[in-house]
file run.cif (mmCIF, C-alpha atoms and all ligand atoms)
data_final
#
loop_
_atom_site.label_atom_id
_atom_site.label_comp_id
_atom_site.auth_asym_id
_atom_site.auth_seq_id
_atom_site.Cartn_x
_atom_site.Cartn_y
_atom_site.Cartn_z
CA MET A 1 0.00 0.00 0.00
CA ALA A 2 1.30 3.50 -0.76
CA ALA A 3 2.32 5.68 2.16
CA PRO A 4 -0.21 8.47 2.70
CA GLY A 5 0.55 11.47 0.55
CA ARG A 6 2.78 9.57 -1.87
CA ASN A 7 1.87 7.78 -5.03
CA GLN A 8 4.13 5.00 -6.13
CA GLY A 9 5.78 5.46 -9.46
CA LEU A 10 4.28 8.88 -10.17
CA SER A 11 6.45 11.94 -10.17
CA GLY A 12 5.84 14.42 -7.35
CA ASN A 13 4.63 13.92 -3.80
CA GLY A 14 1.16 15.39 -4.08
CA THR A 15 -2.08 13.50 -3.95
CA ILE A 16 -3.95 12.00 -6.87
CA ALA A 17 -6.62 14.56 -7.82
CA ILE A 18 -10.10 13.41 -8.82
CA LEU A 19 -12.10 15.81 -10.96
CA GLY A 20 -15.77 14.81 -10.68
CA ALA A 21 -17.12 13.71 -7.29
CA GLY A 22 -20.00 11.62 -8.69
CA SER A 23 -20.43 7.92 -8.01
CA MET A 24 -17.37 6.84 -10.07
CA GLY A 25 -15.12 9.46 -8.44
CA GLN A 26 -16.38 8.51 -4.99
CA LEU A 27 -15.87 4.81 -5.73
CA TRP A 28 -12.17 5.34 -6.50
CA ALA A 29 -11.69 7.76 -3.62
CA GLY A 30 -13.32 5.19 -1.33
CA TYR A 31 -10.76 2.53 -2.26
CA LEU A 32 -7.55 4.54 -2.81
CA PRO A 33 -5.41 4.63 0.37
CA THR A 34 -6.38 7.35 2.82
CA GLY A 35 -4.26 10.44 2.38
CA THR A 36 -3.34 9.75 -1.25
CA VAL A 37 -6.36 11.34 -2.91
CA THR A 38 -8.14 14.70 -3.10
CA PHE A 39 -11.22 15.96 -4.92
CA VAL A 40 -10.98 18.97 -7.18
CA PRO A 41 -13.57 21.41 -5.78
CA ARG A 42 -16.08 23.04 -8.10
CA ARG A 43 -14.96 26.41 -6.81
CA GLU A 44 -11.67 27.35 -5.24
CA VAL A 45 -11.58 26.35 -1.56
CA THR A 46 -10.51 29.15 0.76
CA PRO A 47 -10.98 29.48 4.52
CA GLU A 48 -13.78 31.94 3.73
CA THR A 49 -15.64 29.89 1.13
CA GLY A 50 -16.11 26.86 3.20
CA LYS A 51 -15.63 23.16 3.45
CA SER A 52 -12.15 21.71 3.11
CA ALA A 53 -13.28 18.10 2.59
CA LEU A 54 -16.12 15.99 1.22
CA SER A 55 -17.52 13.25 3.48
CA TYR A 56 -19.83 10.47 2.40
CA THR A 57 -20.91 7.01 3.41
CA PHE A 58 -19.30 4.32 1.28
CA GLN A 59 -20.59 0.79 1.00
CA PRO A 60 -17.72 -1.32 -0.42
CA PHE A 61 -18.52 -4.43 -2.44
CA GLU A 62 -17.59 -6.52 0.60
CA GLY A 63 -17.40 -5.54 4.24
CA PRO A 64 -19.02 -2.90 6.38
CA GLU A 65 -20.09 0.58 5.38
CA VAL A 66 -17.48 3.25 6.14
CA VAL A 67 -17.44 7.05 6.27
CA VAL A 68 -14.92 8.42 3.77
CA THR A 69 -13.55 11.94 4.10
CA VAL A 70 -11.62 13.24 1.10
CA PRO A 71 -9.93 16.65 1.33
CA TYR A 72 -10.42 19.15 -1.45
CA LEU A 73 -7.38 20.04 -3.51
CA LEU A 74 -6.17 23.45 -2.38
CA ALA A 75 -5.22 25.81 -5.18
CA THR A 76 -2.10 26.80 -3.27
CA GLU A 77 -0.85 23.21 -3.00
CA ALA A 78 -2.06 21.95 -6.32
CA ARG A 79 0.49 19.96 -8.33
CA PRO A 80 -1.10 16.53 -8.47
CA PRO A 81 1.02 13.69 -9.90
CA LEU A 82 -2.10 12.28 -11.59
CA LEU A 83 -5.48 13.74 -12.56
CA MET A 84 -8.42 11.32 -12.75
CA VAL A 85 -11.37 12.82 -14.61
CA THR A 86 -14.68 11.22 -13.61
CA THR A 87 -17.08 13.88 -14.88
CA LYS A 88 -20.04 13.12 -17.13
CA ALA A 89 -19.01 12.74 -20.77
CA GLY A 90 -20.61 16.02 -21.85
CA ASP A 91 -18.79 18.03 -19.16
CA THR A 92 -15.33 16.59 -19.75
CA LEU A 93 -13.71 18.93 -22.25
CA ASP A 94 -14.72 22.08 -20.32
CA ALA A 95 -13.82 20.52 -16.96
CA VAL A 96 -10.32 19.58 -18.16
CA GLU A 97 -9.83 22.99 -19.75
CA SER A 98 -10.73 24.87 -16.58
CA ASN A 99 -8.34 22.83 -14.45
CA LEU A 100 -5.23 22.59 -16.61
CA HIS A 101 -3.61 25.68 -15.07
CA TYR A 102 -2.37 23.67 -12.07
CA VAL A 103 -1.58 20.43 -13.93
CA SER A 104 2.04 20.13 -15.13
CA PRO A 105 2.44 19.42 -18.85
CA ASP A 106 3.90 15.98 -18.05
CA THR A 107 1.23 14.94 -15.53
CA PRO A 108 -0.89 12.04 -16.76
CA ILE A 109 -4.62 12.72 -17.12
CA VAL A 110 -6.90 9.67 -17.10
CA LEU A 111 -10.41 9.98 -18.56
CA PHE A 112 -13.07 7.64 -17.09
CA GLN A 113 -16.13 8.60 -19.14
CA ASN A 114 -18.85 6.33 -20.47
CA GLY A 115 -19.26 6.20 -24.21
CA MET A 116 -16.94 7.57 -26.85
CA GLY A 117 -16.00 10.88 -28.42
CA CYS A 118 -15.26 13.06 -25.40
CA GLN A 119 -11.97 11.24 -24.67
CA GLN A 120 -10.82 11.71 -28.27
CA ALA A 121 -11.82 15.38 -28.13
CA VAL A 122 -9.56 15.92 -25.08
CA ALA A 123 -6.65 14.04 -26.72
CA GLU A 124 -7.06 16.06 -29.92
CA ARG A 125 -7.16 19.36 -28.03
CA TRP A 126 -3.98 18.62 -26.01
CA PRO A 127 -1.99 16.14 -28.15
CA GLN A 128 1.31 16.93 -26.37
CA ARG A 129 -0.03 16.02 -22.93
CA PRO A 130 -0.08 12.46 -21.56
CA ILE A 131 -3.81 11.71 -21.91
CA LEU A 132 -5.09 8.21 -21.12
CA ALA A 133 -8.55 6.67 -21.17
CA ALA A 134 -9.99 4.14 -18.74
CA SER A 135 -12.76 1.69 -19.49
CA THR A 136 -14.28 0.18 -16.38
CA THR A 137 -16.92 -2.40 -15.62
CA GLU A 138 -17.02 -1.43 -11.92
CA GLY A 139 -20.58 -0.50 -10.99
CA ALA A 140 -21.29 2.32 -8.54
CA ASN A 141 -24.38 4.28 -7.67
CA ARG A 142 -25.66 6.78 -5.17
CA PRO A 143 -29.07 5.60 -3.96
CA THR A 144 -29.37 8.59 -1.62
CA PRO A 145 -27.40 11.84 -1.40
CA GLY A 146 -24.25 11.33 0.65
CA CYS A 147 -24.14 7.56 0.12
CA THR A 148 -22.14 5.71 -2.57
CA VAL A 149 -22.47 1.98 -3.15
CA HIS A 150 -20.02 -0.27 -5.00
CA ALA A 151 -22.81 -2.28 -6.60
CA GLY A 152 -20.93 -4.46 -9.07
CA LYS A 153 -17.38 -5.78 -9.02
CA GLY A 154 -15.60 -5.38 -12.34
CA GLU A 155 -12.25 -4.56 -13.91
CA THR A 156 -10.63 -1.47 -15.35
CA TRP A 157 -8.43 -1.13 -18.43
CA VAL A 158 -6.25 1.92 -18.93
CA GLY A 159 -4.50 2.85 -22.14
CA PRO A 160 -2.80 5.77 -23.88
CA LEU A 161 -4.63 8.18 -26.19
CA THR A 162 -1.65 10.42 -26.96
CA GLY A 163 1.96 9.54 -27.81
CA SER A 164 3.48 10.82 -24.57
CA ALA A 165 0.97 8.85 -22.46
CA THR A 166 2.60 5.53 -23.38
CA THR A 167 5.58 6.09 -21.07
CA HIS A 168 3.23 6.82 -18.12
CA LEU A 169 1.00 3.78 -18.56
CA ARG A 170 2.78 1.42 -16.15
CA GLN A 171 2.96 4.04 -13.35
CA VAL A 172 -0.69 4.97 -13.79
CA VAL A 173 -1.78 1.32 -13.60
CA THR A 174 0.34 0.85 -10.45
CA ALA A 175 -1.07 4.01 -8.83
CA LEU A 176 -4.69 3.06 -9.59
CA GLY A 177 -3.96 -0.49 -8.43
CA THR A 178 -3.21 0.79 -4.90
CA SER A 179 -7.02 1.00 -4.62
CA GLY A 180 -7.18 -2.82 -4.53
CA LEU A 181 -9.47 -2.73 -7.60
CA THR A 182 -8.38 -4.77 -10.61
CA VAL A 183 -6.57 -2.55 -13.11
CA HIS A 184 -4.94 -3.65 -16.39
CA ALA A 185 -2.79 -1.87 -18.95
CA ALA A 186 -4.40 -1.88 -22.39
CA GLN A 187 -2.36 -0.85 -25.40
CA ASP A 188 -5.51 -0.80 -27.54
CA ILE A 189 -7.83 1.21 -25.32
CA HIS A 190 -9.97 2.26 -28.30
CA ARG A 191 -11.06 -1.35 -28.66
CA ARG A 192 -11.77 -1.61 -24.91
CA LEU A 193 -13.89 1.54 -25.08
CA TRP A 194 -15.83 -0.07 -27.90
CA ASP A 195 -16.49 -3.18 -25.76
CA LYS A 196 -18.18 -0.94 -23.20
CA LEU A 197 -19.87 1.23 -25.83
CA ILE A 198 -21.63 -1.86 -27.20
CA ILE A 199 -23.13 -2.57 -23.78
CA ASN A 200 -24.17 1.03 -23.13
CA ALA A 201 -25.62 1.38 -26.65
CA GLY A 202 -27.73 -1.75 -26.15
CA ILE A 203 -28.95 -1.12 -22.60
CA ASN A 204 -28.97 2.52 -21.55
CA ALA A 205 -31.38 4.14 -23.99
CA PHE A 206 -33.88 1.27 -23.76
CA THR A 207 -33.93 1.43 -19.94
CA ALA A 208 -34.37 5.22 -20.00
CA ILE A 209 -37.17 5.14 -22.60
CA LEU A 210 -38.96 2.23 -20.91
CA ASP A 211 -38.12 3.56 -17.41
CA CYS A 212 -37.20 0.10 -16.18
CA PRO A 213 -34.27 -1.73 -14.57
CA ASN A 214 -31.73 -3.29 -16.93
CA GLY A 215 -33.13 -6.84 -16.90
CA ASP A 216 -36.69 -5.79 -17.80
CA ILE A 217 -35.76 -4.64 -21.30
CA LEU A 218 -35.13 -8.26 -22.34
CA THR A 219 -38.81 -9.16 -22.58
CA ASP A 220 -40.14 -5.78 -23.65
CA PRO A 221 -41.69 -5.63 -27.17
CA PHE A 222 -39.96 -2.30 -27.96
CA TYR A 223 -36.54 -3.81 -27.22
CA LEU A 224 -37.35 -7.04 -29.07
CA GLU A 225 -38.52 -5.08 -32.12
CA HIS A 226 -35.29 -3.07 -32.45
CA ILE A 227 -32.40 -5.00 -30.92
CA ASP A 228 -31.36 -7.01 -34.01
CA GLU A 229 -31.21 -3.95 -36.27
CA LEU A 230 -29.38 -2.04 -33.56
CA CYS A 231 -26.75 -4.81 -33.30
CA ASP A 232 -26.35 -4.89 -37.10
CA GLU A 233 -25.66 -1.16 -37.14
CA ILE A 234 -23.23 -1.40 -34.22
CA ALA A 235 -21.35 -4.27 -35.93
CA LYS A 236 -20.92 -2.27 -39.16
CA VAL A 237 -19.82 0.96 -37.48
CA MET A 238 -17.48 -0.90 -35.13
CA LYS A 239 -15.84 -2.63 -38.09
CA GLY A 240 -15.26 0.71 -39.80
CA ASP A 241 -14.01 2.36 -36.60
CA THR A 242 -11.75 -0.39 -35.25
CA GLU A 243 -11.10 -2.83 -38.10
CA GLU A 244 -12.50 -5.43 -35.71
CA ALA A 245 -15.51 -7.39 -36.91
CA LEU A 246 -17.88 -8.84 -34.33
CA PRO A 247 -20.95 -10.71 -35.59
CA SER A 248 -24.14 -8.86 -34.61
CA ILE A 249 -25.38 -11.97 -32.78
CA THR A 250 -22.29 -11.80 -30.52
CA ILE A 251 -23.04 -8.15 -29.86
CA ARG A 252 -26.60 -9.04 -28.85
CA GLU A 253 -25.34 -11.89 -26.62
CA ARG A 254 -22.92 -9.51 -24.84
CA ILE A 255 -25.65 -6.92 -24.27
CA GLU A 256 -28.05 -9.51 -22.91
CA MET A 257 -25.45 -11.15 -20.69
CA ILE A 258 -24.81 -7.80 -18.95
CA ALA A 259 -28.53 -6.95 -18.82
CA ARG A 260 -29.11 -10.27 -17.02
CA LYS A 261 -26.10 -9.82 -14.73
CA THR A 262 -27.23 -6.32 -13.74
CA ALA A 263 -30.96 -7.13 -13.98
CA ARG A 264 -32.11 -5.12 -10.94
CA ASN A 265 -29.76 -2.15 -11.56
CA THR A 266 -30.87 1.24 -12.76
CA SER A 267 -28.66 2.28 -15.69
CA SER A 268 -26.90 5.61 -15.56
CA MET A 269 -29.16 6.96 -18.34
CA ARG A 270 -32.37 5.93 -16.59
CA SER A 271 -31.03 7.54 -13.45
CA ASP A 272 -30.25 10.74 -15.40
CA ARG A 273 -33.81 10.71 -16.72
CA GLN A 274 -35.27 10.21 -13.25
CA ARG A 275 -33.22 13.11 -11.89
CA GLY A 276 -33.85 15.37 -14.91
CA ARG A 277 -30.10 15.58 -15.69
CA PRO A 278 -28.53 15.71 -19.16
CA THR A 279 -27.84 12.21 -20.46
CA GLU A 280 -24.74 10.83 -22.21
CA ILE A 281 -26.71 9.84 -25.33
CA ASP A 282 -24.50 11.97 -27.63
CA PHE A 283 -21.52 9.85 -26.59
CA ILE A 284 -23.29 6.48 -26.82
CA ASN A 285 -25.89 5.92 -29.58
CA GLY A 286 -25.23 9.49 -30.78
CA TYR A 287 -21.54 8.66 -31.28
CA ILE A 288 -22.50 5.61 -33.36
CA VAL A 289 -24.76 7.86 -35.46
CA ARG A 290 -21.94 10.35 -36.08
CA ARG A 291 -19.37 7.66 -36.92
CA GLY A 292 -21.96 5.85 -39.08
CA HIS A 293 -22.53 9.00 -41.13
CA GLU A 294 -18.76 9.52 -41.52
CA LEU A 295 -18.30 5.90 -42.58
CA GLY A 296 -21.33 5.81 -44.90
CA VAL A 297 -23.21 3.27 -42.71
CA ASP A 298 -26.99 3.63 -42.26
CA VAL A 299 -27.82 3.95 -38.57
CA PRO A 300 -31.62 4.53 -38.31
CA THR A 301 -32.08 2.58 -35.07
CA ASN A 302 -29.30 4.42 -33.25
CA GLN A 303 -30.77 7.66 -34.61
CA MET A 304 -34.25 6.72 -33.42
CA LEU A 305 -33.00 5.92 -29.88
CA THR A 306 -30.99 9.15 -29.79
CA ASN A 307 -34.03 11.18 -30.89
CA ARG A 308 -36.31 9.48 -28.37
CA ILE A 309 -33.92 10.27 -25.50
CA LYS A 310 -33.57 13.88 -26.64
CA GLN A 311 -37.36 14.22 -26.75
CA LEU A 312 -37.56 12.94 -23.17
CA LEU A 313 -34.74 15.15 -21.90
CA PRO A 314 -34.13 18.30 -23.92
O1 LIG B 401 -24.21 2.91 -17.75
C1 LIG B 401 -24.53 2.01 -16.96
O2 LIG B 401 -25.45 2.14 -16.13
C2 LIG B 401 -23.76 0.70 -16.98
O3 LIG B 401 -22.61 0.89 -17.76
C3 LIG B 401 -24.54 -0.54 -17.44
C4 LIG B 401 -23.63 -1.58 -17.95
C5 LIG B 401 -25.60 -0.22 -18.45
C6 LIG B 401 -25.15 -1.24 -16.26
O4 LIG B 401 -26.04 -0.54 -15.49
#

call {"tool": "encode", "arguments": {"input": "run.cif", "output": "structure tokens"}}
result
Amino acid sequence: MAAPGRNQGLSGNGTIAILGAGSMGQLWAGYLPTGTVTFVPRREVTPETGKSALSYTFQPFEGPEVVVTVPYLLATEARPPLLMVTTKAGDTLDAVESNLHYVSPDTPIVLFQNGMGCQQAVAERWPQRPILAASTTEGANRPTPGCTVHAGKGETWVGPLTGSATTHLRQVVTALGTSGLTVHAAQDIHRRLWDKLIINAGINAFTAILDCPNGDILTDPFYLEHIDELCDEIAKVMKGDTEEALPSITIRERIEMIARKTARNTSSMRSDRQRGRPTEIDFINGYIVRRGHELGVDVPTNQMLTNRIKQLLP
């Protein structure tokens, strides 16, 4: 375990900074060793403006509930050796931009967003910086304010998006591994992001439109009417985007395996709908629509799901 305040293998002695204190950020902060992590505050923390730490109840996958207290990164001390970005996909580019002033040009930045497109946008904007993406199957949610639950045990793959990120990969994997969560290095992170995109594209919009837990889509007529065409479109766009061909039946099997495994869970998009928050549709089915158009692939089912979500949540 890393000594508090130090992060093995990363340059500098500061704490890992997490930008985005939602359920994914709180999951990682709950597992990383005490004293090695801080949250980036929404506004600068000063003695006058208030709280110096965020406290919440954390229910790990195994073992008793604990209270986690994570200090906020102080502007005066800021020089984190690693920045983990766990914001919603649509907020990522702006969030990174507004925080770069205290992040050294050689500090690795790891993007944890669902879907695709926002990670590439960050890498394209700052191609000289070490930008990495993470694809995780860890499941976390916040059933009530102030309480984060590690609902599903998974794995995390981390890989480089820019040239200079490659030399940081090993240290980043080691630093994230101090959480005790399973973390792997992935040279081809684009492919790993696609593996997750398939699942999100096949589950999230259906659960939000039907307002049901993940498992209930499997017997719903709306899902059954559209799933085969959706998987055909995903297979064609994925082949154009990654050179990797997966049969559409395999795509459907993967979607349904996860829907069964997480049958009682509320997907992140259904939860966004219930709370009236912007969804990540533009980075899930919306991304497939954009790539489909660029690649000359017809994507009417992805378009239909994207439109339906946008009608529900402007
Ligand atoms: O976005 C989500 O909620 C999750 O990635 C998934 C796999 C759909 C399970 O709830």

call {"tool": "residues_near_point", "arguments": {"input": "run.cif", "point": "(-5.3, -2.2, -23.2)", "cutoff": "10 Å", "atoms": "all atoms listed in the file", "output": "MDAnalysis selection string"}}
result
chainID A and resid 133:135 156:160 169 184:193

call {"tool": "residues_near_ligand", "arguments": {"input": "run.cif", "ligand": "ligand LIG 401 (chain B)", "cutoff": "9 Å", "atoms": "all atoms listed in the file", "output": "VMD selection string"}}
result
chain A and resid 114 to 115 136 to 141 152 196 to 197 199 to 204 207 213 to 214 255 258 to 259 261 to 271

call {"tool": "write_last_selection", "arguments": {"input": "run.cif", "atoms": "C-alpha atoms", "output": "compact mmCIF listing (two decimals), in the coordinates of the input"}}
result
# COMPACT_ATOMS: atom_id res chain seq x y z
CA ASN A 114 -18.85 6.33 -20.47
CA GLY A 115 -19.26 6.20 -24.21
CA THR A 136 -14.28 0.18 -16.38
CA THR A 137 -16.92 -2.40 -15.62
CA GLU A 138 -17.02 -1.43 -11.92
CA GLY A 139 -20.58 -0.50 -10.99
CA ALA A 140 -21.29 2.32 -8.54
CA ASN A 141 -24.38 4.28 -7.67
CA GLY A 152 -20.93 -4.46 -9.07
CA LYS A 196 -18.18 -0.94 -23.20
CA LEU A 197 -19.87 1.23 -25.83
CA ILE A 199 -23.13 -2.57 -23.78
CA ASN A 200 -24.17 1.03 -23.13
CA ALA A 201 -25.62 1.38 -26.65
CA GLY A 202 -27.73 -1.75 -26.15
CA ILE A 203 -28.95 -1.12 -22.60
CA ASN A 204 -28.97 2.52 -21.55
CA THR A 207 -33.93 1.43 -19.94
CA PRO A 213 -34.27 -1.73 -14.57
CA ASN A 214 -31.73 -3.29 -16.93
CA ILE A 255 -25.65 -6.92 -24.27
CA ILE A 258 -24.81 -7.80 -18.95
CA ALA A 259 -28.53 -6.95 -18.82
CA LYS A 261 -26.10 -9.82 -14.73
CA THR A 262 -27.23 -6.32 -13.74
CA ALA A 263 -30.96 -7.13 -13.98
CA ARG A 264 -32.11 -5.12 -10.94
CA ASN A 265 -29.76 -2.15 -11.56
CA THR A 266 -30.87 1.24 -12.76
CA SER A 267 -28.66 2.28 -15.69
CA SER A 268 -26.90 5.61 -15.56
CA MET A 269 -29.16 6.96 -18.34
CA ARG A 270 -32.37 5.93 -16.59
CA SER A 271 -31.03 7.54 -13.45

call {"tool": "closest_atom_pairs", "arguments": {"input": "run.cif", "of": "segment 126-233 of chain A", "to": "segment 87-111 of chain A", "cutoff": "7 Å", "atoms": "all atoms listed in the file", "output": "CSV"}}
result
residue,atom,partner,partner_atom,distance
A:Arg129,CA,A:Pro105,CA,5.9
A:Pro130,CA,A:Pro108,CA,4.9
A:Ile131,CA,A:Ile109,CA,5.0
A:Leu132,CA,A:Val110,CA,4.6
A:Ala133,CA,A:Leu111,CA,4.6
A:Ala134,CA,A:Leu111,CA,5.9
A:Ala165,CA,A:Pro108,CA,6.8
A:His168,CA,A:Pro108,CA,6.8

call {"tool": "atom_distance", "arguments": {"input": "run.cif", "atom1": "atom CA of Phe112 of chain A", "atom2": "atom CA of Leu83 of chain A"}}
result
10.7 Å

call {"tool": "residues_around", "arguments": {"input": "run.cif", "residues": "Gly180 of chain A", "least_positions_apart": "4", "cutoff": "12 Å", "atoms": "all atoms listed in the file", "output": "PyMOL selection string"}}
result
chain A and resi 1-2+27-33+60-61+153-156+173-176

call {"tool": "atom_distance", "arguments": {"input": "run.cif", "atom1": "atom CA of Leu161 of chain A", "atom2": "atom CA of Gln120 of chain A"}}
result
7.4 Å

call {"tool": "atom_distance", "arguments": {"input": "run.cif", "atom1": "atom CA of Thr178 of chain A", "atom2": "atom CA of Met24 of chain A"}}
result
16.2 Å

call {"tool": "closest_residue", "arguments": {"input": "run.cif", "among": "A:Leu181, A:Val297, A:Val289, A:Val40", "to": "Arg79 of chain A", "atoms": "only C-alpha atoms"}}
result
A:Val40

call {"tool": "residues_around", "arguments": {"input": "run.cif", "residues": "Leu218 of chain A", "least_positions_apart": "4", "cutoff": "8 Å", "atoms": "only C-alpha atoms", "output": "number ranges by chain"}}
result
A: 223-224, 256, 259

call {"tool": "closest_residue", "arguments": {"input": "run.cif", "among": "A:Ser164, A:Gln113, A:Ser23, A:Ala235", "to": "Gly146 of chain A", "atoms": "all atoms listed in the file"}}
result
A:Ser23

call {"tool": "axis_aligned_box", "arguments": {"input": "run.cif", "around": "segment 164-178 of chain A", "padding_each_side": "6 Å", "output": "JSON"}}
result
{"center_x": 0.4, "center_y": 5.2, "center_z": -14.7, "size_x": 22.3, "size_y": 23.3, "size_z": 31.7}

call {"tool": "closest_residue", "arguments": {"input": "run.cif", "among": "A:Ile198, A:Val149, A:Ile234, A:Leu19", "to": "Arg291 of chain A", "atoms": "only C-alpha atoms"}}
result
A:Ile234
